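Pasted below: structure10.txt, compact mmCIF, C-alpha atoms and all ligand atoms.
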```txt
# COMPACT_ATOMS: atom_id res chain seq x y z
CA MET T 1 91.88 134.18 93.09
CA ALA T 2 91.81 136.29 89.93
CA HIS T 3 92.92 133.25 87.92
CA LEU T 4 90.28 131.13 89.62
CA ARG T 5 87.51 133.64 88.97
CA MET T 6 88.52 133.79 85.32
CA LEU T 7 88.74 130.01 84.85
CA ALA T 8 85.76 128.83 86.89
CA GLY T 9 83.69 132.03 86.72
CA THR T 10 84.08 133.98 83.48
CA ILE T 11 85.03 130.97 81.34
CA GLY T 12 83.11 128.40 83.38
CA ASN T 13 82.74 124.75 82.39
CA ARG T 14 85.79 123.45 80.55
CA PRO T 15 85.07 119.93 79.31
CA LEU T 16 87.55 118.38 76.93
CA THR T 17 87.64 119.43 73.28
CA LEU T 18 85.07 122.19 73.75
CA GLU T 19 85.14 125.98 73.66
CA GLY T 20 85.57 126.43 77.43
CA GLU T 21 88.67 124.25 77.46
CA ARG T 22 90.14 126.13 74.50
CA LYS T 23 89.46 129.54 76.06
CA ALA T 24 91.07 128.43 79.31
CA ALA T 25 94.13 127.20 77.42
CA GLU T 26 94.45 130.57 75.69
CA TYR T 27 94.15 132.39 79.04
CA ILE T 28 96.81 130.16 80.63
CA ARG T 29 99.14 130.64 77.66
CA ALA T 30 98.80 134.42 77.89
CA GLN T 31 99.40 134.38 81.66
CA LEU T 32 102.53 132.25 81.33
CA GLU T 33 103.83 134.53 78.61
CA GLN T 34 103.23 137.54 80.82
CA ALA T 35 105.22 135.78 83.56
CA GLY T 36 108.18 135.50 81.22
CA TYR T 37 107.75 131.98 79.89
CA ARG T 38 107.86 130.73 76.32
CA ALA T 39 104.34 129.47 76.31
CA THR T 40 102.96 127.17 73.66
CA ILE T 41 99.77 125.26 73.14
CA GLU T 42 100.39 121.63 72.27
CA PRO T 43 97.28 120.14 70.66
CA PHE T 44 96.51 116.42 70.79
CA VAL T 45 93.81 114.23 69.31
CA VAL T 46 91.09 112.90 71.57
CA ASP T 47 89.28 109.69 70.66
CA VAL T 48 87.72 107.96 73.66
CA ALA T 49 84.76 105.73 74.40
CA THR T 50 82.35 107.66 76.60
CA GLY T 51 79.90 104.89 77.37
CA GLY T 52 77.13 104.01 75.01
CA SER T 53 73.49 103.21 74.66
CA ALA T 54 71.29 100.16 74.22
CA LYS T 55 67.81 99.52 72.91
CA LEU T 56 65.33 96.80 73.83
CA ILE T 57 62.23 96.96 71.67
CA PRO T 58 59.61 94.19 71.85
CA ASP T 59 57.63 93.80 68.61
CA GLY T 60 54.30 95.58 69.04
CA ALA T 61 55.01 96.75 72.61
CA PRO T 62 56.63 99.78 74.21
CA GLU T 63 60.41 100.01 74.42
CA VAL T 64 61.99 98.71 77.63
CA GLU T 65 64.86 100.67 79.12
CA ALA T 66 68.22 98.95 78.70
CA GLN T 67 71.94 99.53 79.25
CA PRO T 68 74.77 98.29 77.06
CA MET T 69 77.32 95.90 78.54
CA SER T 70 80.73 97.32 78.03
CA GLY T 71 82.61 95.08 75.65
CA SER T 72 79.46 94.24 73.70
CA PRO T 73 79.85 94.65 69.94
CA ASP T 74 77.80 97.39 68.24
CA ARG T 75 75.11 95.23 66.71
CA SER T 76 71.39 94.84 66.38
CA ALA T 77 69.48 91.54 66.53
CA ASN T 78 65.85 90.46 66.39
CA GLY T 79 64.48 87.12 67.55
CA PRO T 80 61.92 85.42 69.76
CA LEU T 81 62.62 85.97 73.47
CA ILE T 82 63.33 82.87 75.54
CA ALA T 83 64.18 82.68 79.26
CA ALA T 84 67.13 80.64 80.52
CA GLY T 85 67.36 81.12 84.29
CA LEU T 86 70.79 82.33 85.31
CA GLY T 87 72.14 81.57 81.86
CA ARG T 88 74.19 78.47 82.73
CA SER T 89 74.41 75.89 79.95
CA GLY T 90 72.13 73.39 81.76
CA GLU T 91 69.37 75.97 81.99
CA TYR T 92 68.57 76.34 78.32
CA GLY T 93 66.08 73.46 78.50
CA SER T 94 64.49 71.96 75.44
CA THR T 95 63.66 75.18 73.63
CA SER T 96 66.30 75.91 71.04
CA ALA T 97 68.13 79.15 71.55
CA ARG T 98 69.13 79.21 67.89
CA GLY T 99 68.12 82.58 66.46
CA ALA T 100 66.59 83.65 69.79
CA VAL T 101 67.24 86.52 72.15
CA VAL T 102 67.94 84.99 75.56
CA LEU T 103 66.72 86.47 78.84
CA VAL T 104 68.77 85.58 81.93
CA ASP T 105 69.18 86.78 85.49
CA ARG T 106 72.25 88.48 86.90
CA GLY T 107 74.15 86.38 89.45
CA GLU T 108 76.14 83.17 90.01
CA THR T 109 78.19 83.31 86.81
CA GLN T 110 80.06 86.15 85.14
CA PHE T 111 78.46 88.22 82.39
CA ALA T 112 81.08 87.03 79.91
CA GLU T 113 80.26 83.42 80.77
CA LYS T 114 76.51 83.99 80.30
CA ALA T 115 77.26 85.65 76.97
CA ARG T 116 79.54 82.82 75.84
CA VAL T 117 76.92 80.17 76.71
CA ALA T 118 74.21 82.12 74.85
CA GLN T 119 76.44 82.61 71.83
CA ASP T 120 77.43 78.92 71.75
CA ALA T 121 73.74 77.97 71.91
CA GLY T 122 73.16 80.00 68.75
CA ALA T 123 71.41 82.97 70.38
CA VAL T 124 71.48 86.28 68.50
CA GLY T 125 71.32 88.50 71.59
CA LEU T 126 71.40 88.41 75.39
CA ILE T 127 69.54 90.39 78.04
CA VAL T 128 70.75 90.18 81.65
CA VAL T 129 68.15 91.29 84.20
CA ASN T 130 69.33 92.86 87.44
CA ASN T 131 68.95 90.75 90.60
CA GLN T 132 68.57 93.85 92.76
CA ALA T 133 66.55 97.03 92.44
CA GLY T 134 67.28 99.35 89.54
CA ALA T 135 69.37 99.22 86.40
CA PHE T 136 73.08 98.45 86.08
CA ARG T 137 75.93 98.49 83.61
CA GLY T 138 77.91 95.31 83.36
CA ASP T 139 81.23 94.56 81.77
CA LEU T 140 82.19 91.65 79.53
CA GLY T 141 85.88 92.24 80.11
CA SER T 142 88.00 91.10 77.21
CA ALA T 143 85.79 88.14 76.27
CA LEU T 144 85.29 87.72 72.53
CA ILE T 145 81.55 88.12 72.21
CA SER T 146 79.90 88.70 68.85
CA ILE T 147 76.24 89.10 69.91
CA PRO T 148 74.78 92.27 71.43
CA VAL T 149 74.61 91.99 75.24
CA ILE T 150 72.49 94.41 77.24
CA SER T 151 71.09 94.69 80.75
CA ALA T 152 67.62 95.54 82.04
CA ALA T 153 66.33 96.77 85.37
CA ASN T 154 64.90 94.40 87.96
CA GLU T 155 61.61 96.32 87.69
CA ASP T 156 61.18 95.12 84.09
CA ARG T 157 61.66 91.43 84.88
CA ALA T 158 57.93 90.59 85.02
CA VAL T 159 57.09 92.12 81.67
CA LEU T 160 60.12 90.55 80.00
CA GLN T 161 59.28 87.14 81.52
CA SER T 162 55.76 87.45 80.11
CA TYR T 163 57.15 88.23 76.65
CA ALA T 164 59.43 85.20 76.93
CA ALA T 165 56.51 83.00 77.96
CA SER T 166 54.63 84.00 74.83
CA GLY T 167 57.68 83.90 72.55
CA ARG T 168 57.29 87.54 71.56
CA ARG T 169 60.02 88.79 69.26
CA VAL T 170 62.30 91.53 70.51
CA THR T 171 65.01 93.68 69.00
CA VAL T 172 68.15 94.34 71.03
CA SER T 173 70.93 96.66 69.96
CA THR T 174 73.97 98.38 71.40
CA LYS T 175 75.87 101.42 70.30
CA THR T 176 79.16 102.61 71.73
CA GLU T 177 79.58 106.37 71.85
CA ARG T 178 82.90 107.99 71.21
CA LEU T 179 84.13 111.49 71.77
CA GLN T 180 86.46 112.69 69.08
CA GLY T 181 88.08 116.07 68.84
CA THR T 182 91.11 118.12 69.71
CA SER T 183 92.30 119.07 73.17
CA GLN T 184 95.50 120.78 74.25
CA ASN T 185 98.17 121.11 76.89
CA VAL T 186 99.72 124.48 77.64
CA VAL T 187 103.46 124.33 78.17
CA GLY T 188 105.57 127.09 79.68
CA LYS T 189 109.35 126.94 79.38
CA PRO T 190 111.35 129.39 81.50
CA SER T 191 114.21 129.46 78.95
CA ASP T 192 115.72 127.54 76.04
CA ALA T 193 117.19 125.04 78.50
CA PRO T 194 115.61 121.57 78.36
CA CYS T 195 112.99 120.68 80.95
CA THR T 196 114.55 118.86 83.90
CA ALA T 197 111.56 119.12 86.26
CA TYR T 198 107.86 119.83 85.94
CA LEU T 199 105.06 121.65 87.66
CA GLY T 200 101.61 120.58 86.50
CA ALA T 201 97.86 120.84 86.98
CA HIS T 202 94.88 119.95 84.82
CA TYR T 203 92.70 122.84 83.76
CA ASP T 204 89.78 120.96 82.17
CA SER T 205 86.57 120.32 84.12
CA VAL T 206 83.80 117.77 83.83
CA THR T 207 80.78 118.67 81.70
CA ALA T 208 78.57 119.06 84.77
CA GLY T 209 80.25 122.02 86.41
CA PRO T 210 82.83 124.81 86.33
CA GLY T 211 85.46 122.84 88.26
CA ALA T 212 86.60 125.52 90.69
CA ASN T 213 88.20 123.32 93.32
CA ASP T 214 88.67 120.57 90.68
CA ASN T 215 90.81 121.99 89.21
CA GLY T 216 90.65 125.71 88.62
CA SER T 217 92.36 125.86 92.01
CA GLY T 218 95.39 123.77 91.04
CA THR T 219 95.71 125.66 87.75
CA SER T 220 95.58 129.01 89.56
CA LEU T 221 98.18 127.83 92.05
CA LEU T 222 100.32 126.66 89.13
CA LEU T 223 100.15 130.06 87.42
CA GLU T 224 100.96 132.00 90.57
CA LEU T 225 103.80 129.64 91.51
CA ALA T 226 105.20 129.89 87.97
CA ARG T 227 105.12 133.69 88.21
CA ALA T 228 106.76 133.74 91.65
CA ARG T 229 109.42 131.10 90.87
CA HIS T 230 110.96 131.40 87.45
CA LEU T 231 113.52 128.58 87.55
CA ASP T 232 115.70 127.35 84.70
CA GLY T 233 114.67 123.86 83.63
CA VAL T 234 111.47 123.85 85.67
CA CYS T 235 108.75 123.64 83.03
CA VAL T 236 105.12 124.37 83.68
CA ILE T 237 102.34 122.31 82.12
CA ALA T 238 98.59 122.84 82.30
CA PHE T 239 97.01 119.59 81.17
CA GLY T 240 93.82 119.28 79.14
CA SER T 241 91.44 116.31 79.18
CA GLU T 242 92.38 114.91 82.59
CA GLU T 243 88.84 114.11 83.64
CA VAL T 244 88.27 111.36 81.08
CA GLY T 245 91.51 109.51 81.76
CA LEU T 246 94.64 111.65 82.09
CA LEU T 247 94.73 112.20 78.33
CA GLY T 248 96.71 115.44 78.50
CA SER T 249 99.55 114.12 80.64
CA ARG T 250 99.67 110.93 78.60
CA ALA T 251 99.91 112.91 75.37
CA TYR T 252 102.68 115.06 76.86
CA VAL T 253 104.77 112.14 78.10
CA LYS T 254 104.34 110.36 74.78
CA ALA T 255 105.47 113.42 72.81
CA HIS T 256 108.51 114.26 74.96
CA ASN T 257 111.26 111.63 75.22
CA GLU T 258 113.13 113.59 77.87
CA VAL T 259 110.40 113.18 80.51
CA PRO T 260 111.76 109.99 82.17
CA ASN T 261 115.00 111.83 83.01
CA ALA T 262 113.23 114.54 84.99
CA ARG T 263 114.23 115.12 88.60
CA PHE T 264 110.69 115.59 89.86
CA MET T 265 107.14 116.49 88.98
CA LEU T 266 104.83 118.41 91.31
CA ASN T 267 101.11 118.18 90.56
CA PHE T 268 98.29 120.25 92.02
CA ASP T 269 94.77 118.90 91.88
CA MET T 270 92.04 120.22 94.23
CA VAL T 271 93.87 122.61 96.52
CA ALA T 272 91.13 125.04 97.58
CA LYS T 273 89.23 123.30 100.34
CA ILE T 274 91.08 121.64 103.18
CA THR T 275 89.20 118.55 104.37
CA ARG T 276 91.62 115.61 104.60
CA PRO T 277 94.73 116.95 102.91
CA ALA T 278 97.34 114.60 101.51
CA LEU T 279 100.67 114.26 99.79
CA ILE T 280 100.17 111.65 97.11
CA GLY T 281 102.71 109.75 95.05
CA ASP T 282 106.47 109.33 95.54
CA ALA T 283 107.03 108.27 99.16
CA ASP T 284 110.43 109.91 99.57
CA LEU T 285 109.21 113.26 98.21
CA ALA T 286 106.12 113.03 100.42
CA THR T 287 108.20 112.42 103.54
CA ARG T 288 110.55 115.29 102.78
CA ALA T 289 107.66 117.64 102.01
CA SER T 290 105.82 116.65 105.18
CA LYS T 291 108.78 117.78 107.31
CA LEU T 292 108.76 121.34 105.99
CA PRO T 293 107.63 123.99 108.48
CA GLU T 294 105.00 125.03 105.90
CA ALA T 295 103.43 121.56 106.24
CA SER T 296 103.03 121.71 109.99
CA GLY T 297 99.48 121.87 111.26
CA LEU T 298 98.05 120.57 107.99
CA ASN T 299 97.98 116.94 109.15
CA LEU T 300 99.00 115.80 105.69
CA ARG T 301 98.37 112.13 105.04
CA GLN T 302 101.05 110.41 102.96
CA VAL T 303 99.69 107.97 100.43
CA THR T 304 101.08 106.47 97.24
CA SER T 305 97.89 106.82 95.19
CA LEU T 306 94.66 108.77 95.21
CA GLY T 307 92.55 105.67 95.78
CA PRO T 308 90.44 103.26 93.75
CA GLY T 309 88.73 104.78 90.74
CA ALA T 310 90.54 108.09 91.14
CA SER T 311 93.75 109.44 89.71
CA SER T 312 95.47 112.53 88.43
CA ASP T 313 98.35 113.50 86.18
CA TYR T 314 101.07 112.78 88.74
CA ALA T 315 100.35 109.08 88.06
CA THR T 316 101.36 109.42 84.41
CA PHE T 317 104.74 110.83 85.42
CA LEU T 318 105.22 108.21 88.15
CA GLN T 319 104.58 105.58 85.51
CA ALA T 320 107.23 107.19 83.30
CA GLY T 321 109.71 106.80 86.17
CA VAL T 322 109.66 110.41 87.41
CA PRO T 323 109.42 110.99 91.17
CA ALA T 324 106.05 112.73 91.24
CA LEU T 325 104.11 114.23 94.10
CA MET T 326 100.61 115.61 94.18
CA LEU T 327 99.35 118.18 96.66
CA TYR T 328 95.71 117.59 97.50
CA SER T 329 93.48 119.36 100.01
CA GLY T 330 91.06 116.43 100.37
CA ASP T 331 87.69 115.09 99.27
CA ASP T 332 85.02 117.55 98.24
CA GLN T 333 81.32 116.71 98.30
CA PHE T 334 80.74 119.04 95.33
CA ILE T 335 83.37 117.47 93.08
CA HIS T 336 82.08 116.99 89.51
CA THR T 337 78.85 118.92 90.16
CA ALA T 338 77.57 122.37 89.21
CA GLN T 339 78.18 123.44 92.82
CA ASP T 340 81.94 123.19 92.42
CA ASP T 341 82.05 126.91 91.72
CA VAL T 342 84.17 129.76 93.06
CA ALA T 343 81.99 129.97 96.18
CA ASN T 344 83.01 126.37 96.90
CA THR T 345 86.63 127.42 97.43
CA SER T 346 88.55 129.03 100.25
CA GLU T 347 91.10 131.73 99.52
CA ALA T 348 92.81 130.99 102.83
CA ASP T 349 93.09 127.26 102.04
CA MET T 350 94.46 127.98 98.58
CA GLY T 351 96.95 130.35 100.16
CA ARG T 352 98.16 127.64 102.53
CA PHE T 353 98.64 125.25 99.65
CA LEU T 354 100.43 127.83 97.53
CA THR T 355 102.82 128.49 100.42
CA LEU T 356 103.37 124.77 100.84
CA ALA T 357 103.90 124.26 97.10
CA ALA T 358 106.48 127.03 96.97
CA ALA T 359 108.30 125.55 99.96
CA VAL T 360 108.37 122.09 98.36
CA LEU T 361 109.66 123.56 95.10
CA ASP T 362 112.32 125.56 96.96
CA MET T 363 113.41 122.45 98.82
CA LEU T 364 113.70 120.48 95.58
CA THR T 365 115.64 123.16 93.74
CA ALA T 366 117.90 124.32 96.61
CA ARG T 367 121.58 124.32 95.75
ZN ZN T 401 91.00 116.86 89.21
```
For this file, produce the structure as structure tokens.
Ligand SMILES: [Zn+2]
Amino acid sequence: MAHLRMLAGTIGNRPLTLEGERKAAEYIRAQLEQAGYRATIEPFVVDVATGGSAKLIPDGAPEVEAQPMSGSPDRSANGPLIAAGLGRSGEYGSTSARGAVVLVDRGETQFAEKARVAQDAGAVGLIVVNNQAGAFRGDLGSALISIPVISAANEDRAVLQSYAASGRRVTVSTKTERLQGTSQNVVGKPSDAPCTAYLGAHYDSVTAGPGANDNGSGTSLLLELARARHLDGVCVIAFGSEEVGLLGSRAYVKAHNEVPNARFMLNFDMVAKITRPALIGDADLATRASKLPEASGLNLRQVTSLGPGASSDYATFLQAGVPALMLYSGDDQFIHTAQDDVANTSEADMGRFLTLAAAVLDMLTAR
């Protein structure tokens, strides 16, 4: 709990590449050192797309809100607006699209197809209007599109249609935003012996909140487990930059050729609030862990992955061929919000998971 209060309370938000993440890394390094580890900070370069922005500006009229399509090139174009139904090739009618910005509706055909048809017709830009309430962000996939493609909300259809009817010129542009900087993993080695197994947890948070359950809790468990079990060959890694795509674990695996030979990897992500707890990852490890007396009463689900759109660092190690298992206390309604603070955690639940984690580690390292 002292670790958790330091990470999610005193230090607070720990988004990648920023001060909070660096301070947390320094704290973790010092704690591992105090527990008798050779602790080092391994920096890595971060360069990721973090979304982007789009502009839709009619000449002589107020700007209309727009979203970039992912996969659209960063480009700006100006031309008369023309409407072309759902954007299928037969719908371009007699008006030439050459040099025009084309306005089409979402639906029936894929965004990439609409973009390809517009581009082939000589259009300089494409606006796709939502066919349901609100705005949306589409995706062009890997299609080779050279014109800016943006989307607009359903609520702006009428005004855009009226601009198209009068041939008003509009400017459309897209700009991808990237986050570039330096993040770091903290690695604790119990001795000079090479790492033959790993314990891991990510210590970064999202920008929106202090990440107490996600994942100050797993990091705190990691530190306490490392202190209580100092085992030759069992290396301890606190990963940075997990929240934007497992960057820390990927950087680690890339930098350390010995990883694929590891016997196991145990990962802790969200272990402070028991809702629907699970053992996630390697099926054999999950089954063995579920039979431990320390697992009884927890009703641990056994699943091979966290679910669509979600992941954690265990997946990077699984991909590298290491039997990896993640301990997870279940969904949390406050995940990735400012409310995921220390008050959002349960000391008793964290205690149960620490006990379980120690039992799993003991089982895996028993002689
Ligand atoms: Zn997490």
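A straight line drawn from atom CA of Val186 of chain T to atom CA of Ala35 of chain T is 13.9 Å long.
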Using only C-alpha atoms and all ligand atoms, what are the residues with an atom within 12 Å of ligand ZN 401 (chain T), set out as a ChimeraX atom specification? /T:15,200-206,210-219,238-246,267-272,306,310-314,326-332,335-336,340
What gap, in Å, lies between atom CA of Leu223 of chain T and atom CA of Ala39 of chain T? 11.9 Å
Non-local contacts of segment 80-96 of chain T (12 Å; all atoms listed in the file; under 2 positions in same chain excluded) as a PyMOL selection string: chain T and resi 56-59+77-78+98-131+157-172
Using only C-alpha atoms, pick whichever of T:Met363, T:Val322, T:Gly233, T:His256 has the shortest atom-to-atom distance to Ala289 of chain T. T:Met363
